[in-house]
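Shown below: start.cif, with mmCIF, C-alpha atoms.
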data_query
#
loop_
_atom_site.label_atom_id
_atom_site.label_comp_id
_atom_site.auth_asym_id
_atom_site.auth_seq_id
_atom_site.Cartn_x
_atom_site.Cartn_y
_atom_site.Cartn_z
CA TRP A 78 -0.96 1.10 9.40
CA GLY A 79 -3.06 4.21 9.85
CA GLN A 80 -4.45 5.88 12.91
CA PHE A 81 -8.12 5.33 13.63
CA ASP A 82 -10.00 8.66 13.47
CA GLY A 83 -13.60 7.50 13.75
CA VAL A 84 -14.37 7.92 10.04
CA PHE A 85 -11.38 6.09 8.55
CA MET A 86 -13.34 2.89 8.12
CA ASN A 87 -16.89 1.75 8.75
CA VAL A 88 -16.18 -1.59 10.43
CA THR A 89 -19.83 -2.61 10.66
CA ALA A 90 -20.40 -2.05 6.93
CA ALA A 91 -17.17 -3.88 6.10
CA LEU A 92 -18.26 -6.90 8.14
CA GLU A 93 -21.64 -6.91 6.40
CA ASP A 94 -19.80 -6.94 3.06
CA GLY A 95 -17.79 -9.97 4.13
CA VAL A 96 -14.44 -8.21 4.45
CA LEU A 97 -11.98 -10.44 6.34
CA MET A 98 -10.55 -8.72 9.39
CA GLY A 99 -9.50 -9.35 12.95
CA LEU A 100 -8.75 -7.37 16.08
CA TYR A 101 -5.70 -8.15 18.17
CA GLY A 102 -3.24 -6.57 20.59
CA VAL A 103 0.44 -6.82 21.38
CA ILE A 104 1.06 -9.65 23.86
CA GLY A 105 3.93 -9.09 26.24
CA SER A 106 4.84 -8.80 29.91
CA GLU A 107 2.58 -7.42 32.60
CA GLU A 108 4.32 -4.07 32.25
CA GLN A 109 3.17 -3.78 28.64
CA GLN A 110 -0.16 -2.29 27.68
CA ASP A 111 -2.14 -3.85 24.87
CA VAL A 112 -2.06 -1.95 21.56
CA PRO A 113 -5.33 -2.85 19.80
CA LEU A 114 -4.92 -3.24 16.05
CA LEU A 115 -7.48 -3.95 13.36
CA ARG A 116 -5.98 -6.04 10.56
CA VAL A 117 -7.94 -5.99 7.31
CA TYR A 118 -7.18 -8.35 4.42
CA ILE A 119 -7.23 -6.68 0.99
CA PRO A 120 -8.89 -9.28 -1.29
CA GLY A 121 -6.92 -10.65 -4.23
CA THR A 122 -3.57 -9.38 -2.91
CA LEU A 123 -0.79 -10.29 -0.50
CA TRP A 124 -1.56 -7.13 1.49
CA THR A 125 -3.27 -6.39 4.77
CA MET A 126 -4.07 -3.01 6.23
CA GLU A 127 -3.58 -2.32 9.93
CA ILE A 128 -5.50 0.40 11.73
CA ASN A 129 -4.51 1.63 15.17
CA VAL A 130 -7.78 1.54 17.12
CA HIS A 131 -6.39 2.49 20.53
CA GLY A 132 -9.18 4.12 22.51
CA ALA A 133 -11.96 3.18 20.08
CA GLY A 134 -15.10 1.86 21.74
CA PRO A 135 -17.07 -1.33 20.98
CA GLU A 136 -19.57 0.59 18.84
CA ALA A 137 -16.81 1.86 16.50
CA LEU A 138 -15.34 -1.63 16.18
CA GLY A 139 -18.56 -3.37 15.27
CA GLY A 140 -18.32 -5.79 18.20
CA LEU A 141 -15.24 -7.58 16.87
CA ASP A 142 -13.65 -10.17 19.13
CA VAL A 143 -9.93 -10.05 19.88
CA MET A 144 -8.08 -12.79 17.99
CA GLU A 145 -4.90 -14.59 18.96
CA SER A 146 -1.71 -12.92 17.71
CA GLY A 147 0.56 -15.89 18.40
CA PRO A 148 2.68 -16.96 21.35
CA SER A 149 4.31 -14.13 23.29
CA SER A 150 7.70 -15.77 22.84
CA VAL A 151 7.46 -15.02 19.12
CA LEU A 152 7.43 -11.27 19.78
CA CYS A 153 10.38 -11.33 22.23
CA MET A 154 9.80 -7.67 23.04
CA PRO A 155 11.42 -6.08 26.12
CA SER A 156 9.29 -5.02 29.05
CA THR A 157 9.96 -1.36 28.21
CA VAL A 158 7.50 -1.43 25.29
CA THR A 159 4.52 0.73 26.13
CA SER A 160 1.33 2.05 24.59
CA PRO A 161 1.26 4.06 21.34
CA GLU A 162 0.84 7.33 23.24
CA THR A 163 4.40 7.10 24.59
CA ASN A 164 5.91 6.26 21.18
CA SER A 165 8.97 4.90 22.97
CA PHE A 166 10.48 3.48 19.78
CA LEU A 167 9.77 6.28 17.32
CA GLY A 168 13.19 7.88 17.87
CA GLU A 169 14.01 11.18 19.49
CA GLU A 170 13.08 13.22 16.40
CA LEU A 171 9.85 11.28 15.77
CA THR A 172 7.80 11.90 18.87
CA GLU A 173 4.34 11.85 17.31
CA LEU A 174 2.56 9.61 14.83
CA ARG A 175 1.27 11.26 11.67
CA ASN A 176 -2.42 11.02 10.89
CA GLY A 177 -3.56 8.48 8.33
CA TRP A 178 -1.03 6.19 6.66
CA TRP A 179 2.21 6.37 8.61
CA LYS A 180 3.89 3.00 8.05
CA ALA A 181 4.55 0.35 5.40
CA THR A 182 5.63 -3.08 6.65
CA TYR A 183 7.20 -5.78 4.49
CA MET A 184 8.10 -9.41 4.94
CA ALA A 185 11.84 -9.51 4.22
CA SER A 186 14.37 -12.31 4.04
CA ARG A 187 17.20 -9.79 4.56
CA PRO A 188 15.80 -6.88 6.62
CA GLU A 189 19.26 -5.40 7.21
CA ILE A 190 19.87 -5.08 3.45
CA ALA A 191 16.43 -3.58 2.88
CA ALA A 192 16.84 -1.03 5.64
CA GLN A 193 20.32 -0.01 4.47
CA PHE A 194 18.99 0.42 0.91
CA MET A 195 16.35 2.82 2.20
CA VAL A 196 19.04 4.79 4.02
CA ASP A 197 21.66 4.82 1.25
CA ILE A 198 19.37 5.37 -1.74
CA LEU A 199 16.25 7.06 -0.39
CA GLY A 200 17.70 9.07 2.49
CA ALA A 201 15.79 7.43 5.32
CA LYS A 202 17.19 7.10 8.84
CA HIS A 203 17.66 3.97 10.94
CA ILE A 204 15.47 4.01 14.05
CA GLU A 205 15.28 1.68 17.03
CA SER A 206 13.00 -1.33 16.94
CA PRO A 207 11.70 -3.17 20.02
CA TYR A 208 12.42 -6.51 18.36
CA PRO A 209 15.85 -8.17 18.68
CA TRP A 210 18.62 -7.81 16.12
CA PRO A 211 20.58 -9.83 15.08
CA PRO A 212 17.84 -12.45 14.69
CA SER A 213 17.33 -14.68 17.71
CA GLU A 214 15.90 -18.19 17.43
CA GLY A 215 12.16 -18.25 18.01
CA CYS A 216 11.79 -14.46 17.79
CA ILE A 217 10.57 -12.00 15.20
CA ALA A 218 13.46 -9.84 13.99
CA THR A 219 13.03 -6.43 12.39
CA LYS A 220 14.80 -3.43 10.98
CA TRP A 221 13.04 -0.04 11.03
CA VAL A 222 13.69 3.17 9.10
CA ALA A 223 11.86 6.48 8.93
CA PHE A 224 11.71 9.53 6.69
CA GLU A 225 12.04 12.33 9.22
CA SER A 226 10.58 15.10 7.05
CA ASP A 227 7.30 13.18 6.63
CA ASN A 228 7.41 11.09 9.81
CA PHE A 229 6.75 8.02 7.66
CA HIS A 230 8.06 4.59 8.68
CA VAL A 231 9.08 1.53 6.67
CA HIS A 232 9.51 -1.68 8.67
CA PHE A 233 11.12 -4.91 7.44
CA VAL A 234 10.19 -8.11 9.28
CA LEU A 235 11.86 -11.52 9.37
CA ALA A 236 9.61 -14.09 11.06
CA GLU A 237 11.28 -17.44 10.46
CA GLU A 238 9.22 -19.20 13.12
CA PHE A 239 6.24 -19.06 10.76
CA GLU A 240 8.10 -20.94 8.02
CA THR A 241 7.02 -24.50 7.22
CA ALA A 242 8.30 -27.37 5.12
CA ASN A 243 6.40 -25.85 2.18
CA PHE A 244 7.02 -22.18 2.90
CA SER A 245 10.35 -20.38 3.06
CA ILE A 246 10.62 -16.57 3.13
CA ALA A 247 13.87 -16.65 1.15
CA GLU A 248 12.35 -18.92 -1.51
CA VAL A 249 9.28 -16.70 -1.82
CA ASP A 250 11.51 -13.65 -2.21
CA GLN A 251 13.49 -15.41 -4.92
CA ALA A 252 10.35 -16.47 -6.78
CA MET A 253 8.79 -13.00 -6.65
CA SER A 254 11.89 -10.88 -7.26
CA GLY A 255 12.20 -8.91 -10.48
CA PHE A 256 15.78 -7.85 -9.73
CA GLU A 257 17.39 -9.91 -12.49
CA ALA A 258 14.76 -8.77 -15.01
CA LEU A 259 15.41 -5.15 -14.07
CA GLU A 260 19.16 -5.70 -14.48
CA SER A 261 18.47 -6.81 -18.05
CA GLY A 262 16.32 -3.73 -18.70
CA SER A 263 12.98 -5.54 -18.51
CA PHE A 264 9.90 -4.70 -16.48
CA HIS A 265 8.88 -7.60 -14.22
CA ALA A 266 5.23 -8.23 -13.31
CA SER A 267 6.09 -8.10 -9.60
CA MET A 268 7.10 -4.45 -10.01
CA TYR A 269 3.45 -3.46 -10.20
CA ASN A 270 3.39 -4.29 -6.49
CA SER A 271 5.40 -1.27 -5.37
CA LEU A 272 5.70 1.36 -2.67
CA VAL A 273 4.99 4.67 -4.44
CA LEU A 274 6.57 7.83 -3.05
CA GLU A 275 6.45 11.38 -4.43
CA VAL A 276 9.68 13.42 -4.37
CA ASP A 277 10.71 16.93 -5.47
CA SER A 278 13.28 15.66 -7.98
CA LEU A 279 14.56 12.30 -9.18
CA ASP A 280 18.11 13.56 -9.71
CA GLU A 281 19.72 12.61 -6.39
CA TYR A 282 18.08 9.17 -6.31
CA LEU A 283 19.17 8.37 -9.87
CA LEU A 284 22.73 9.39 -9.07
CA ARG A 285 22.78 7.27 -5.91
CA LEU A 286 21.53 4.22 -7.81
CA LYS A 287 24.16 4.73 -10.50
CA ALA A 288 26.92 5.21 -7.91
CA GLN A 289 26.07 1.85 -6.34
CA SER A 290 25.55 0.10 -9.70
CA MET A 291 21.93 -0.68 -8.80
CA PRO A 292 19.48 -1.46 -11.62
CA TYR A 293 16.60 0.91 -12.24
CA MET A 294 14.07 1.88 -14.88
CA LEU A 295 13.02 5.41 -15.77
CA MET A 296 9.63 6.08 -17.34
CA GLN A 297 7.39 9.02 -18.08
CA THR A 298 3.63 9.50 -17.84
CA THR A 299 1.56 11.29 -20.46
CA SER A 300 1.52 14.38 -18.22
CA LYS A 301 5.34 14.55 -18.25
CA GLN A 302 5.67 13.14 -14.76
CA TYR A 303 8.78 11.00 -14.36
CA VAL A 304 8.68 7.58 -12.72
CA LEU A 305 11.76 5.81 -11.31
CA PHE A 306 11.52 2.09 -10.48
CA MET A 307 14.05 0.27 -8.29
CA ILE A 308 14.13 -3.07 -6.48
CA ILE A 309 15.66 -3.70 -3.08
CA PRO A 310 18.13 -6.57 -3.62
CA GLN A 311 17.54 -9.95 -1.92
CA ASN A 312 14.09 -8.85 -0.74
CA ALA A 313 11.80 -8.63 -3.81
CA ILE A 314 10.54 -5.19 -2.74
CA THR A 315 9.92 -2.59 -5.45
CA VAL A 316 10.00 1.14 -4.79
CA GLN A 317 8.58 3.64 -7.26
CA LEU A 318 9.49 7.34 -7.06
CA ARG A 319 7.48 9.96 -8.92
CA SER A 320 8.41 13.56 -9.66
CA GLN A 321 7.84 16.38 -12.13
CA HIS A 322 11.56 17.17 -12.14
CA LEU A 323 14.49 15.39 -13.76
CA SER A 324 17.61 17.18 -15.01
CA VAL A 325 19.95 14.18 -15.26
CA GLU A 326 20.19 12.95 -18.84
CA GLU A 327 18.97 9.38 -18.87
CA PRO A 328 17.10 7.26 -21.44
CA ILE A 329 13.37 6.91 -20.87
CA SER A 330 11.96 3.39 -21.13
CA GLU A 331 8.79 2.92 -23.16
CA SER A 332 8.35 -0.75 -22.27
CA ILE A 333 5.00 -0.14 -20.56
CA CYS A 334 2.46 2.67 -20.23
CA THR A 335 2.38 4.51 -16.91
CA GLU A 336 -0.46 6.48 -15.37
CA ASP A 337 -0.30 9.87 -13.67
CA PHE A 338 -1.80 9.50 -10.17
CA GLY A 339 -1.87 13.27 -9.64
CA GLN A 340 -0.90 14.87 -6.33
CA MET A 341 -0.55 12.13 -3.73
CA ALA A 342 -1.22 13.00 -0.11
CA PHE A 343 -1.76 10.77 2.93
#
Could the structure of this file be written out as structure tokens, please?
Amino acid sequence: WGQFDGVFMNVTAALEDGVLMGLYGVIGSEEQQDVPLLRVYIPGTLWTMEINVHGAGPEALGGLDVMESGPSSVLCMPSTVTSPETNSFLGEELTELRNGWWKATYMASRPEIAAQFMVDILGAKHIESPYPWPPSEGCIATKWVAFESDNFHVHFVLAEEFETANFSIAEVDQAMSGFEALESGSFHASMYNSLVLEVDSLDEYLLRLKAQSMPYMLMQTTSKQYVLFMIIPQNAITVQLRSQHLSVEEPISESICTEDFGQMAF
């Protein structure tokens, strides 16, 4: 979810190219203000991109109509939720949104495990979410974390009310997870679908994974950049850390070729 800056995306051109997208807002009590969001489907993937378009005029949005975001009971958000300018749920230390990409959101069958993994292994911090926890029947439940130094959020969402007789979040997680393959030292195809973060050194993250007996895979690009793969258990979410520095002695896997993305900045 990135902030709309007027040049982030040409909505009119995207519509002409047949890109699937919709505009919607948060539905809540009368005290809540709508938070307009543009959701864009990325073809051939399970991903969508959300753009905060608060304050953007009709011309910038290409005349898109607002679509239904589901019954308000599904959100179950308290009346204290306000517009993005107040950032009431960013946490005391996170008072402003960063420009560009500031959040990654995942469907998760066990959001509490995913969030704790981000805290224990990656050094994130738990932050308050406006959605109820523990899960409440008929409501979306979430766990939120943030990396304070970068003001970057990762949100994990459990939305059981959207499950059907043929669709279960837990079953999808199980089918997509490469956790057992990683435990055996193999690279699973689902690991290509990963959250990529750049860090100063891989040392502390490798040591944390080893201390908790978590599986991982260490690789190296042709430019001597190190790549550390890990999977959040019971959630089928892969995280990939990249760094030029590694001083911990650890075998390097050569099971697949990896590419150097260069300096990543968002």
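Nearest residue to Thr182 of chain A among A:Pro207, A:Ala201, A:Met126, A:Leu141 is A:Met126, counting all atoms listed in the file.
Note that atom CA of Leu100 of chain A and atom CA of His232 of chain A are 20.5 Å apart.
With distances restricted to all atoms listed in the file, A:Gln193 is the closest residue to Ala223 of chain A from A:Thr241, A:Gln251, A:Ser320, A:Gln193.
Non-sequential neighbours of Gly95 of chain A (distance at most 12 Å, separation of 5 or more positions within a chain, all atoms listed in the file) are Val88, Thr89, Ala90, Val117, Tyr118, Ile119 and Pro120 of chain A.
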>> Taking (15.6, -1.8, 2.2) in the coordinates of the supplied file, I want to know which residues reach to within 12 Å of it, counting all atoms listed in the file; could you give the answer as an NGL selection string?
In response: :A and (181-203 or 219-223 or 230-234 or 272 or 307-316)
Show me, as JSON, the centre and edge lengths in Å to one decimal of the axis-aligned box that covers every listed atom of segment 203-215 of chain A with 6 Å on each side.
{"center_x": 16.1, "center_y": -7.1, "center_z": 15.5, "size_x": 20.9, "size_y": 34.3, "size_z": 21.1}
> Residues picked by the PyMOL selection byres ((chain A and resi 209) around 6) here, as a VMD selection string?
Replying inline: chain A and resid 208 210 218
